[in-house]
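Contents: one structure, followed by commentary.
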Number of protein chains: 4
Amino acid sequence: MSYIRGFASDNNASVHPEVMEAIANVNSGHAIGYGGDSTTEETLRLFKDTFGKDTETLFVYNGTGANVIAIQALAQSYNAVVCACTAHINVDECGAPEKISGCKLLPIDTDNGKITVEGIKRYMHGFGFEHHAQPKVVSITQATELGTIYSLEEIKEIADYVHSLGLYLHMDGARIANAAVALECSLVDTSINAGVDVLSFGGTKNGLMFGEAIVFANAQLAENVKYIRKQSTQLHSKMRYTSAQFKALLSNDLWKKNALHANAMAKLLAQKVKGIDGVQLTQEVESNGVFAIIPHELIEPLQNDFFFYVWDEHRSEVRWMTSFDTTEKDIEAFVMTLKSRLK
Amino acid sequence: MSYIRGFASDNNASVHPEVMEAIANVNSGHAIGYGGDSTTEETLRLFKDTFGKDTETLFVYNGTGANVIAIQALAQSYNAVVCACTAHINVDECGAPEKISGCKLLPIDTDNGKITVEGIKRYMHGFGFEHHAQPKVVSITQATELGTIYSLEEIKEIADYVHSLGLYLHMDGARIANAAVALECSLVDTSINAGVDVLSFGGTKNGLMFGEAIVFANAQLAENVKYIRKQSTQLHSKMRYTSAQFKALLSNDLWKKNALHANAMAKLLAQKVKGIDGVQLTQEVESNGVFAIIPHELIEPLQNDFFFYVWDEHRSEVRWMTSFDTTEKDIEAFVMTLKSRLK
Amino acid sequence: MSYIRGFASDNNASVHPEVMEAIANVNSGHAIGYGGDSTTEETLRLFKDTFGKDTETLFVYNGTGANVIAIQALAQSYNAVVCACTAHINVDECGAPEKISGCKLLPIDTDNGKITVEGIKRYMHGFGFEHHAQPKVVSITQATELGTIYSLEEIKEIADYVHSLGLYLHMDGARIANAAVALECSLVDTSINAGVDVLSFGGTKNGLMFGEAIVFANAQLAENVKYIRKQSTQLHSKMRYTSAQFKALLSNDLWKKNALHANAMAKLLAQKVKGIDGVQLTQEVESNGVFAIIPHELIEPLQNDFFFYVWDEHRSEVRWMTSFDTTEKDIEAFVMTLKSRLK
Amino acid sequence: MSYIRGFASDNNASVHPEVMEAIANVNSGHAIGYGGDSTTEETLRLFKDTFGKDTETLFVYNGTGANVIAIQALAQSYNAVVCACTAHINVDECGAPEKISGCKLLPIDTDNGKITVEGIKRYMHGFGFEHHAQPKVVSITQATELGTIYSLEEIKEIADYVHSLGLYLHMDGARIANAAVALECSLVDTSINAGVDVLSFGGTKNGLMFGEAIVFANAQLAENVKYIRKQSTQLHSKMRYTSAQFKALLSNDLWKKNALHANAMAKLLAQKVKGIDGVQLTQEVESNGVFAIIPHELIEPLQNDFFFYVWDEHRSEVRWMTSFDTTEKDIEAFVMTLKSRLK
């Protein structure tokens, strides 16, 4: 079986061999469903080791599920969620957050995917005014959809501001591993320790077959979330197969190795295309994505050789994502093709 | 790693080796996400071969997701869904159907999990009356939650009646394979060919790691369902891993072998306990579940040896489910323990 | 302008002259919208006088609105609401409770519209089990849709049971005035004092043009309900016109006079038809509704003279409602016609 | 009873005497509920006379209800609604559109409350892409929340563009009467004839006690809207009292007289404050609202004498609304106070 290699998304990658092995290792005998099994128990212990003993974690199928459940846990339907206009919850979930939580989304325009206290302030009014969807959650993405990264100080500043107004801070960490290794810090330092109340912790884009974890800063925030998970259709019956994957990811620093490699490949790609005439990088390459403007007529032929997505049709901007299984050879081949087409 | 074997649910079983192998076989290289890969393409072709060329199929994570999406595809929020009071959508999905589709559920009391035209009629009034949630979908479960099975004639009778009133027939086929082998018919004969408009086709309980398929009788019914799937948080990014499992299930009659075995084990179990003093079977054993009343004080000690669920606390009724990986040894050991505890 | 008089519903009646006068009296000058006006302030004080100083009240447009907001105030979407199968929320609101609150409704079969602790118990299980919509509210209707009335002891028994399990008791009091006068007690005695947590207090069926009040037993239950009211589209901008009506209703015992009259007219009607051959009363006449089985072929011709609704087509059962403006003459004329048609 | 007069909102005004009289005139005898009465029938005929014989109209309680029902009639939950960031549906309905329709709102930044084809284009992409909430409705407000007015050409241009993409055009006409008189055209010319598919036709702000009408360009668009109205809690039982008000509004050009007066008063107010030092008008005064920046320290004392709302705290911008019952004396008194405070 052969697939075209490319830079479409980190979810076009395969499952990491260690994750596959972990799955195979639990594939014998019976296990209580829905999380009552010993693998899940062990893995949840690993999450407490990683994120702190006060945290509570639930596993779900995917990122949209994680985000939608997190919002429901933090907000009522008459609340509003502030986020970057580029946020996954705002543009890539087909309106799932609005439909399932009932909440209004309040988007902040941003050039680099990052929001600031200044941007949030625009929406911090109308508290107590019943005509106004009441702001209750601010959601940031780490690393952002544009491959940029919030520094720990930036997160803390947002968290302090958000908390001072009685709001919660949610982090969409579909690529939190890429952010942590870039910041050379731990997973908990760039999330819970920086003031995040609920984290959507991504697994799929970092080598799992499927699976995201929702990490709550404390048990109170997670109080009724098991019902929300079930009602949101995100409860896996054969949970051991989700848990085993996360166990592998948090063991032997696999999350770190995968993320380091993906980031390094993006850096390499950026470095190799930076000098090329006709290619203009549009974002700092801080994690595992490279954004560039290239001649419009090149896009389609190039996609036929290496699949990737157009980010902004209008600007002729494309997105190249790397992953744990991107090879230097992939990059060399791609750059060579790019160069030859640019001639 | 050791798990207690038992009869709790067919989702306590492991993943069938052929399914694991199929997963491993697609685990190399890149594949377009969200179903744009070649494995998905091939598997969808297999579904057309199985259910007819006019049908359309989508893959989702789990049964609750499949049911909730099916209802949304067939009904508006002001519609109502008629089902057995024992239906999974009515008692086991934490209200997901109501919340996500907005529809009212109209439960029919039933002793054996099966509904009839007579029972449906109770709710067939108030059409055009705006105070009344308008009935639009009838949902039946095959095999039922009580292990019983609708004959093809029974399904057709319901389908004809339902269609004569302009309603749709949905089948929750979480265990359709067990029903088909019991009826000695094909999957399509006990569903689409019998008049079912939309089928939730179960994979997880028949040997998959996760995954259900939603089969629409025709393309028109499925017209906008891809948006519904995404908005309902049920779209898998690394779809090749879902598709590969279904491909395995529909290849080499794996679905049939698994179901035949599970059913045979239930029959064996029923046969072995039938004569025992203090054990009273409460349902015909037509698929892979055995329902029995046993002395109340026996339940807990027995659960410690072989995990299973209490079905009706009040009646001291328990449920024993078998699966593709239940062994004759399991049953012998269980029956021996049961007998010894009954002394 | 002439309308056919009849017994269709107490909402076919006109607006009581004192209510019209109260409306006219506030119709001058400007008033702050959405409830910030002095009439609303005064009326809310009257509600505290009537229902107790700890209670909190909000005005809404109609009964469906009141019920749906009450449920949202008491329950999350993963909760369930237990009610009689005949309850207005279950059969007459086109699924609004399910759609807007997301909650599952759990109907109890009943012959006379009243539920009992015994009936509620059927659903009191599965607490903490995430697959199960968690029961959180029991809703009773006073007077019931069948014209029957809960005694204070019956309400208290239900309230005690409900509270002992951590659930809330909601009362749909669309006809609470009719119940209170029948019980010869105050409005608060048959609701809050009997253990009701939230009351939908009906105005429209007792002489208002529109308007229902939601009375919360304490401020904590009402904490965020102003947002829920607004988001549920039930906030009246020119609120003074709603409040003025309620002020009239609670002044000079208007609520009581109207209800006493309506009940007396129902009693009179019942008394006059009781002896008639071919007419069989099906419910005790305790408030302002008379339920009777009459020959099927009589229904349509009789409706042409005096409009009323068929309650149960199958049984040939009809419903005759009286209201504050029903006259003895109405009843005499109706009974005469009925008798002449029965010959 | 005395109220402070002011410029807070056109819904702080009272009910027009002719409307009160119309209400009184239907207040006798019985009438079939929920719209089956003769007053409703007559009034619906008036709507057909006004908006065209192909149109269909439903009455509801308020503007939020009208808008939310209109969106549900036009869109599925996976659709998106494009509107001005200042739109009532976006900022003044506590998230009701998102919660009840499930749709995502896509706001366009605007200085004067009006959106353009250029602005809409920003969101016209991603059709067929399941990750993207599918744009299906564009909603414009006439007159806008900033008192400005779309010309007929501007509406037509938007309508043509919207329809060319298969989308619908919704008009929030809470103040459509003010727009029509300003444009010196009929109600239908500035709505249905200009390409509007569904109109929320406002009554409350133009002299009614309560009541909005939803006008559908054709019967097909309104096909199932009666269920949506009921399920959205917006069906009035004693409908004759809603209909009578609309009948009065559409009779003897009452809608026009009221709107002409309100607009004239706004023009007068604008003219009188324009020259004043310290007062800066921020919008063209095209209908019945005046927007101005005034010294911040003046706002509160001025509000004590004449109630009005702050529009933009940050800019010290206030909003003064006039209505059918604003008098020249009101304006003179207000301007005098303003001037004296500015000294």
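Identifiers in this document derive from the order of the structure tokens: chains are assigned A, B, ..., residues are numbered from 1 separately in each chain, and ligands are numbered from 1 in order of occurrence.
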Report as an mmCIF file with C-alpha atoms, in the first residue's frame all protein, DNA and RNA residues lying within 7 Å of stretch 135-138 of chain B, evaluated on only C-alpha atoms, omitting residues in the same chain fewer than 4 positions from it.
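Final output, around_28.cif:
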data_model
loop_
_atom_site.group_PDB
_atom_site.id
_atom_site.type_symbol
_atom_site.label_atom_id
_atom_site.label_comp_id
_atom_site.auth_asym_id
_atom_site.auth_seq_id
_atom_site.Cartn_x
_atom_site.Cartn_y
_atom_site.Cartn_z
ATOM 1 C CA ALA B 75 -35.621 14.793 11.331
ATOM 2 C CA ASN B 79 -40.005 16.043 15.098
ATOM 3 C CA ALA B 80 -40.346 13.028 17.355
ATOM 4 C CA VAL B 81 -38.674 9.627 17.268
ATOM 5 C CA VAL B 82 -40.659 6.542 18.278
ATOM 6 C CA CYS B 83 -38.674 3.706 19.833
ATOM 7 C CA LEU B 167 -42.083 8.581 8.325
ATOM 8 C CA TYR B 168 -38.622 7.052 8.136
ATOM 9 C CA LEU B 169 -37.380 3.795 9.607
ATOM 10 C CA HIS B 170 -34.065 3.835 11.436
#
Apply DSSP to the structure's backbone, then extract all residues of stretch 90-246 of chain B labelled helix (DSSP H, G or I) and return them as a PyMOL selection string.
-> chain B and resi 90-91+96-101+117-121+152-164+176-183+192-194+204-206+225-231+240-246
Quick one: of A:Ser200, A:Thr190, A:Thr327, A:Ser251, who's nearest to A:Leu46, counting only C-alpha atoms?
-> A:Ser251
At most 7 Å is the cut-off: for each residue in stretch 144-224 of chain A with any atom that close to an atom of stretch 1-21 of chain A, write down the nearest atom pair and the distance in Å rounded to one decimal, counting only C-alpha atoms, chain first then increasing number, as CSV.
residue,atom,partner,partner_atom,distance
A:Thr204,CA,A:Asn11,CA,6.6
A:Lys205,CA,A:Asn11,CA,5.0
A:Gly207,CA,A:His16,CA,4.9
A:Leu208,CA,A:Val15,CA,5.3
A:Met209,CA,A:Val15,CA,5.4
For the selection you just gave me, I'd like the residues written to a file as a PDB file, in the first residue's frame, keeping all heavy atoms.
ATOM      1  N   THR A 204      -3.603  12.939  18.626  1.00  0.00           N
ATOM      2  CA  THR A 204      -3.666  12.475  17.237  1.00  0.00           C
ATOM      3  C   THR A 204      -2.558  13.078  16.370  1.00  0.00           C
ATOM      4  O   THR A 204      -1.951  12.387  15.559  1.00  0.00           O
ATOM      5  CB  THR A 204      -5.040  12.825  16.629  1.00  0.00           C
ATOM      6  OG1 THR A 204      -6.057  12.466  17.559  1.00  0.00           O
ATOM      7  CG2 THR A 204      -5.252  12.087  15.328  1.00  0.00           C
ATOM      8  N   LYS A 205      -2.305  14.369  16.532  1.00  0.00           N
ATOM      9  CA  LYS A 205      -1.319  15.038  15.669  1.00  0.00           C
ATOM     10  C   LYS A 205       0.110  14.756  16.102  1.00  0.00           C
ATOM     11  O   LYS A 205       1.048  15.199  15.460  1.00  0.00           O
ATOM     12  CB  LYS A 205      -1.588  16.552  15.674  1.00  0.00           C
ATOM     13  CG  LYS A 205      -2.893  16.919  14.978  1.00  0.00           C
ATOM     14  CD  LYS A 205      -3.040  18.427  14.808  1.00  0.00           C
ATOM     15  CE  LYS A 205      -4.105  18.775  13.789  1.00  0.00           C
ATOM     16  NZ  LYS A 205      -5.430  19.012  14.371  1.00  0.00           N
ATOM     17  N   GLY A 207       1.191  11.488  16.839  1.00  0.00           N
ATOM     18  CA  GLY A 207       1.538  10.084  16.676  1.00  0.00           C
ATOM     19  C   GLY A 207       0.504   9.062  17.102  1.00  0.00           C
ATOM     20  O   GLY A 207       0.703   7.865  16.929  1.00  0.00           O
ATOM     21  N   LEU A 208      -0.638   9.501  17.663  1.00  0.00           N
ATOM     22  CA  LEU A 208      -1.669   8.525  18.013  1.00  0.00           C
ATOM     23  C   LEU A 208      -2.548   8.206  16.798  1.00  0.00           C
ATOM     24  O   LEU A 208      -2.545   8.926  15.804  1.00  0.00           O
ATOM     25  CB  LEU A 208      -2.558   9.058  19.147  1.00  0.00           C
ATOM     26  CG  LEU A 208      -1.920   9.446  20.477  1.00  0.00           C
ATOM     27  CD1 LEU A 208      -2.987   9.519  21.569  1.00  0.00           C
ATOM     28  CD2 LEU A 208      -0.810   8.494  20.885  1.00  0.00           C
ATOM     29  N   MET A 209      -3.324   7.133  16.937  1.00  0.00           N
ATOM     30  CA  MET A 209      -4.295   6.759  15.910  1.00  0.00           C
ATOM     31  C   MET A 209      -5.533   7.654  16.033  1.00  0.00           C
ATOM     32  O   MET A 209      -6.126   8.072  15.051  1.00  0.00           O
ATOM     33  CB  MET A 209      -4.702   5.298  16.120  1.00  0.00           C
ATOM     34  CG  MET A 209      -5.588   4.734  15.039  1.00  0.00           C
ATOM     35  SD  MET A 209      -6.096   3.049  15.453  1.00  0.00           S
ATOM     36  CE  MET A 209      -4.523   2.186  15.408  1.00  0.00           C
TER      37      MET A 209
END
Could you list, as a PyMOL selection string, every residue of chain B that has an atom within 6 Å of an atom of chain C, counting only C-alpha atoms?
-> chain B and resi 92-95+98-99+102+104+131-133
Polymer residues at most 10 Å from A:Thr55, only C-alpha atoms, same-chain spacing of 3 or more positions, as a PyMOL selection string = chain A and resi 44+47-52+192+197-198+215-222
Sel. of strand (DSSP E) residues, stretch 111-269 of chain C, as a list in words = Gln134, Pro135, Lys136, Val137, Val138, Ser139, Ile140, Thr141, Tyr168, Leu169, His170, Met171, Asp172, Gly173, Val198, Leu199, Ser200, Phe201, Gly202, Glu212, Ala213, Ile214, Val215 and Phe216 of chain C
How many Å separate atom CA of D:Phe334 from atom CA of D:Trp320?
-> 10.6 Å
Could you check how far atom CA of A:Ala194 sits from atom CA of A:Ala248, in Å to one decimal?
-> 25.2 Å
So that I can check the surroundings of D:Asp330, please list as an mmCIF file with C-alpha atoms, in the first residue's frame every protein, DNA and RNA residue that reaches within 10 Å of it, counting only C-alpha atoms and ignoring chain neighbours fewer than 5 positions away.
data_model
loop_
_atom_site.group_PDB
_atom_site.id
_atom_site.type_symbol
_atom_site.label_atom_id
_atom_site.label_comp_id
_atom_site.auth_asym_id
_atom_site.auth_seq_id
_atom_site.Cartn_x
_atom_site.Cartn_y
_atom_site.Cartn_z
ATOM 1 C CA ARG D 5 -39.635 60.823 29.781
ATOM 2 C CA GLY D 6 -36.495 60.242 27.832
ATOM 3 C CA PHE D 7 -34.662 58.958 24.789
ATOM 4 C CA MET D 265 -38.309 64.234 16.102
ATOM 5 C CA LEU D 269 -33.115 66.803 17.935
ATOM 6 C CA PHE D 306 -33.832 62.146 30.670
ATOM 7 C CA THR D 322 -37.174 59.098 19.490
ATOM 8 C CA ASP D 325 -44.817 59.787 21.338
ATOM 9 C CA VAL D 335 -31.680 70.419 24.645
ATOM 10 C CA MET D 336 -32.068 73.162 27.200
#
Could you check how far atom CA of A:Val162 sits from atom CA of A:Phe127, in Å to one decimal?
->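 Taking atom CA of A:Val162 and atom CA of A:Phe127, their separation equals 13.5 Å.
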Quick one: everything within 10 Å of C:Gly35, counting only C-alpha atoms, minus sequence neighbours fewer than 6 positions away in the same chain. Send it as a PyMOL selection string.
-> chain C and resi 41+44+58-59+235-243
Who sits within 12 Å of D:Asp312, only C-alpha atoms, same chain under 5 positions skipped, as a ChimeraX atom specification | /A:122,125-126 /D:86,146,282,291-294,296,299,317-319
Create the file for the chosen residues now, containing C-alpha atoms and written as an mmCIF file, in the first residue's frame.
data_model
loop_
_atom_site.group_PDB
_atom_site.id
_atom_site.type_symbol
_atom_site.label_atom_id
_atom_site.label_comp_id
_atom_site.auth_asym_id
_atom_site.auth_seq_id
_atom_site.Cartn_x
_atom_site.Cartn_y
_atom_site.Cartn_z
ATOM 1 C CA ARG A 122 -12.668 44.554 23.476
ATOM 2 C CA HIS A 125 -18.080 44.572 28.910
ATOM 3 C CA GLY A 126 -21.789 44.046 29.387
ATOM 4 C CA THR D 86 -23.577 45.665 15.441
ATOM 5 C CA LEU D 146 -27.017 52.999 14.228
ATOM 6 C CA THR D 282 -21.327 60.362 14.970
ATOM 7 C CA PHE D 291 -25.765 59.142 18.091
ATOM 8 C CA ALA D 292 -23.436 61.654 19.643
ATOM 9 C CA ILE D 293 -20.232 61.998 21.588
ATOM 10 C CA ILE D 294 -20.669 64.220 24.639
ATOM 11 C CA HIS D 296 -18.177 61.956 29.737
ATOM 12 C CA ILE D 299 -23.671 61.556 30.908
ATOM 13 C CA GLU D 317 -20.825 58.041 22.733
ATOM 14 C CA VAL D 318 -24.504 58.057 23.631
ATOM 15 C CA ARG D 319 -27.705 57.088 21.837
#
